[in-house]
$ cat run_10.pdb   # PDB, C-alpha atoms
ATOM      1  CA  MET A 154      78.026 104.995 115.711
ATOM      2  CA  SER A 155      80.396 105.724 118.581
ATOM      3  CA  GLU A 156      78.390 108.824 119.504
ATOM      4  CA  LYS A 157      75.131 106.821 119.603
ATOM      5  CA  PHE A 158      76.757 104.223 121.823
ATOM      6  CA  SER A 159      78.125 106.920 124.105
ATOM      7  CA  LYS A 160      74.716 108.608 124.438
ATOM      8  CA  SER A 161      73.031 105.263 125.033
ATOM      9  CA  ALA A 162      75.566 104.355 127.702
ATOM     10  CA  GLU A 163      75.114 107.742 129.400
ATOM     11  CA  ILE A 164      71.318 107.333 129.446
ATOM     12  CA  LYS A 165      71.618 103.833 130.912
ATOM     13  CA  LYS A 166      74.071 105.105 133.508
ATOM     14  CA  ASN A 167      71.700 107.908 134.531
ATOM     15  CA  LEU A 168      68.755 105.508 134.756
ATOM     16  CA  ALA A 169      70.814 103.138 136.891
ATOM     17  CA  ASN A 170      71.803 105.991 139.207
ATOM     18  CA  ILE A 171      68.156 107.040 139.552
ATOM     19  CA  LYS A 172      67.109 103.466 140.330
ATOM     20  CA  ILE A 173      69.895 103.101 142.905
ATOM     21  CA  SER A 174      68.827 106.354 144.546
ATOM     22  CA  GLN A 175      65.202 105.195 144.684
ATOM     23  CA  MET A 176      66.230 101.855 146.181
ATOM     24  CA  LYS A 177      68.382 103.655 148.770
ATOM     25  CA  ASP A 178      65.483 105.945 149.740
ATOM     26  CA  ALA A 179      63.127 102.956 150.025
ATOM     27  CA  ALA A 180      65.634 101.075 152.203
ATOM     28  CA  ILE A 181      66.072 104.075 154.520
ATOM     29  CA  LYS A 182      62.279 104.417 154.831
ATOM     30  CA  ASP A 183      61.958 100.701 155.652
ATOM     31  CA  ILE A 184      64.660 101.002 158.315
ATOM     32  CA  LYS A 185      62.962 104.046 159.867
ATOM     33  CA  ASP A 186      59.563 102.335 159.850
ATOM     34  CA  THR A 187      60.991  99.222 161.465
ATOM     35  CA  SER A 188      62.851 101.288 164.066
ATOM     36  CA  ILE A 189      59.648 103.091 165.000
ATOM     37  CA  LYS A 190      57.752  99.811 165.340
ATOM     38  CA  ILE A 191      60.501  98.384 167.560
ATOM     39  CA  ALA A 192      60.554 101.512 169.730
ATOM     40  CA  ILE A 193      56.782 101.485 170.169
ATOM     41  CA  GLU A 194      56.766  97.816 171.133
ATOM     42  CA  ALA A 195      59.611  98.383 173.596
ATOM     43  CA  VAL A 196      57.747 101.261 175.241
ATOM     44  CA  LYS A 197      54.541  99.215 175.400
ATOM     45  CA  LYS A 198      56.375  96.339 177.040
ATOM     46  CA  THR A 199      58.202  98.621 179.467
ATOM     47  CA  ILE A 200      55.006 100.381 180.485
ATOM     48  CA  SER A 201      53.021  97.178 180.827
ATOM     49  CA  THR A 202      55.653  95.486 182.969
ATOM     50  CA  SER A 203      56.838  98.360 185.143
ATOM     51  CA  VAL A 204      53.927 100.758 185.612
ATOM     52  CA  ASP A 205      50.528  99.778 186.907
ATOM     53  CA  LYS A 206      47.254 101.354 185.812
ATOM     54  CA  SER A 207      46.820 103.528 188.892
ATOM     55  CA  LYS A 208      50.215 105.158 188.356
ATOM     56  CA  LEU A 209      49.385 105.793 184.706
ATOM     57  CA  ASP A 210      46.010 107.302 185.635
ATOM     58  CA  LEU A 211      47.675 109.574 188.177
ATOM     59  CA  LEU A 212      50.330 110.625 185.672
ATOM     60  CA  PHE A 213      47.682 111.320 183.037
ATOM     61  CA  ALA A 214      45.614 113.428 185.464
ATOM     62  CA  LYS A 215      48.702 115.396 186.521
ATOM     63  CA  ASN A 216      49.709 116.069 182.904
ATOM     64  CA  LEU A 217      46.159 117.072 182.041
ATOM     65  CA  GLU A 218      46.070 119.618 184.858
ATOM     66  CA  GLU A 219      49.473 121.012 183.889
ATOM     67  CA  THR A 220      48.286 121.357 180.303
ATOM     68  CA  LYS A 221      45.137 123.188 181.389
ATOM     69  CA  ILE A 222      47.222 125.610 183.479
ATOM     70  CA  GLU A 223      49.615 126.282 180.599
ATOM     71  CA  LEU A 224      46.723 126.832 178.182
ATOM     72  CA  LYS A 225      45.183 129.340 180.545
ATOM     73  CA  LYS A 226      48.508 131.205 180.653
ATOM     74  CA  VAL A 227      48.719 131.253 176.863
ATOM     75  CA  ASN A 228      45.126 132.423 176.438
ATOM     76  CA  SER A 229      45.508 135.211 179.029
TER      77      SER A 229
END
$ encode --input "run_10.pdb" --output "structure tokens"
Amino acid sequence: MSEKFSKSAEIKKNLANIKISQMKDAAIKDIKDTSIKIAIEAVKKTISTSVDKSKLDLLFAKNLEETKIELKKVNS
């Protein structure tokens, strides 16, 4: 009887540890997801309040040209 109880307790302990681990992983994922959402919103707000469209267009064009140049170097 004592052996059955011991095995049963060990199984329950292992199941509890697995469940705790799963809950921990889910909590970490939720925190990461929320952090990403906050970061994206902060960047959106920063860009919309501090950089006008013409500056963004110029920056995009410059980065596009730099990318084309680098791709040509890689393909050569």
$ atom_distance --input "run_10.pdb" --atom1 "atom CA of Phe213 of chain A" --atom2 "atom CA of Thr199 of chain A"
16.9 Å
$ atom_distance --input "run_10.pdb" --atom1 "atom CA of Ile181 of chain A" --atom2 "atom CA of Glu194 of chain A"
20.0 Å
$ atom_distance --input "run_10.pdb" --atom1 "atom CA of Thr202 of chain A" --atom2 "atom CA of Lys221 of chain A"
29.7 Å
$ axis_aligned_box --input "run_10.pdb" --around "segment 197-208 of chain A" --padding-each-side "6 Å" --output "lines of an AutoDock Vina configuration file"
center_x = 52.5
center_y = 100.3
center_z = 182.1
size_x = 23.4
size_y = 21.7
size_z = 25.5
$ build_atoms --input "run_10.pdb" --residues "segment 176-194 of chain A" --atoms "N, CA and C atoms" --output "compact mmCIF listing (two decimals), in the coordinates of the input"
# COMPACT_ATOMS: atom_id res chain seq x y z
N MET A 176 66.09 103.03 145.32
CA MET A 176 66.23 101.86 146.18
C MET A 176 66.81 102.25 147.54
N LYS A 177 67.77 103.17 147.52
CA LYS A 177 68.38 103.66 148.77
C LYS A 177 67.33 104.36 149.63
N ASP A 178 66.54 105.24 149.01
CA ASP A 178 65.48 105.94 149.74
C ASP A 178 64.46 104.97 150.33
N ALA A 179 64.09 103.95 149.55
CA ALA A 179 63.13 102.96 150.02
C ALA A 179 63.71 102.16 151.20
N ALA A 180 64.99 101.82 151.12
CA ALA A 180 65.63 101.08 152.20
C ALA A 180 65.69 101.91 153.48
N ILE A 181 66.02 103.19 153.35
CA ILE A 181 66.07 104.08 154.52
C ILE A 181 64.69 104.20 155.15
N LYS A 182 63.65 104.33 154.32
CA LYS A 182 62.28 104.42 154.83
C LYS A 182 61.91 103.14 155.57
N ASP A 183 62.25 101.98 155.00
CA ASP A 183 61.96 100.70 155.65
C ASP A 183 62.66 100.60 157.01
N ILE A 184 63.90 101.04 157.06
CA ILE A 184 64.66 101.00 158.32
C ILE A 184 64.01 101.91 159.35
N LYS A 185 63.62 103.12 158.94
CA LYS A 185 62.96 104.05 159.87
C LYS A 185 61.65 103.46 160.37
N ASP A 186 60.85 102.91 159.45
CA ASP A 186 59.56 102.34 159.85
C ASP A 186 59.75 101.19 160.84
N THR A 187 60.72 100.34 160.57
CA THR A 187 60.99 99.22 161.46
C THR A 187 61.49 99.71 162.82
N SER A 188 62.34 100.73 162.81
CA SER A 188 62.85 101.29 164.07
C SER A 188 61.72 101.85 164.91
N ILE A 189 60.79 102.53 164.27
CA ILE A 189 59.65 103.09 165.00
C ILE A 189 58.80 101.98 165.61
N LYS A 190 58.55 100.94 164.83
CA LYS A 190 57.75 99.81 165.34
C LYS A 190 58.44 99.17 166.55
N ILE A 191 59.75 98.98 166.45
CA ILE A 191 60.50 98.38 167.56
C ILE A 191 60.43 99.28 168.79
N ALA A 192 60.60 100.58 168.60
CA ALA A 192 60.55 101.51 169.73
C ALA A 192 59.19 101.50 170.40
N ILE A 193 58.14 101.50 169.61
CA ILE A 193 56.78 101.48 170.17
C ILE A 193 56.55 100.20 170.96
N GLU A 194 56.94 99.09 170.42
CA GLU A 194 56.77 97.82 171.13
C GLU A 194 57.57 97.79 172.43
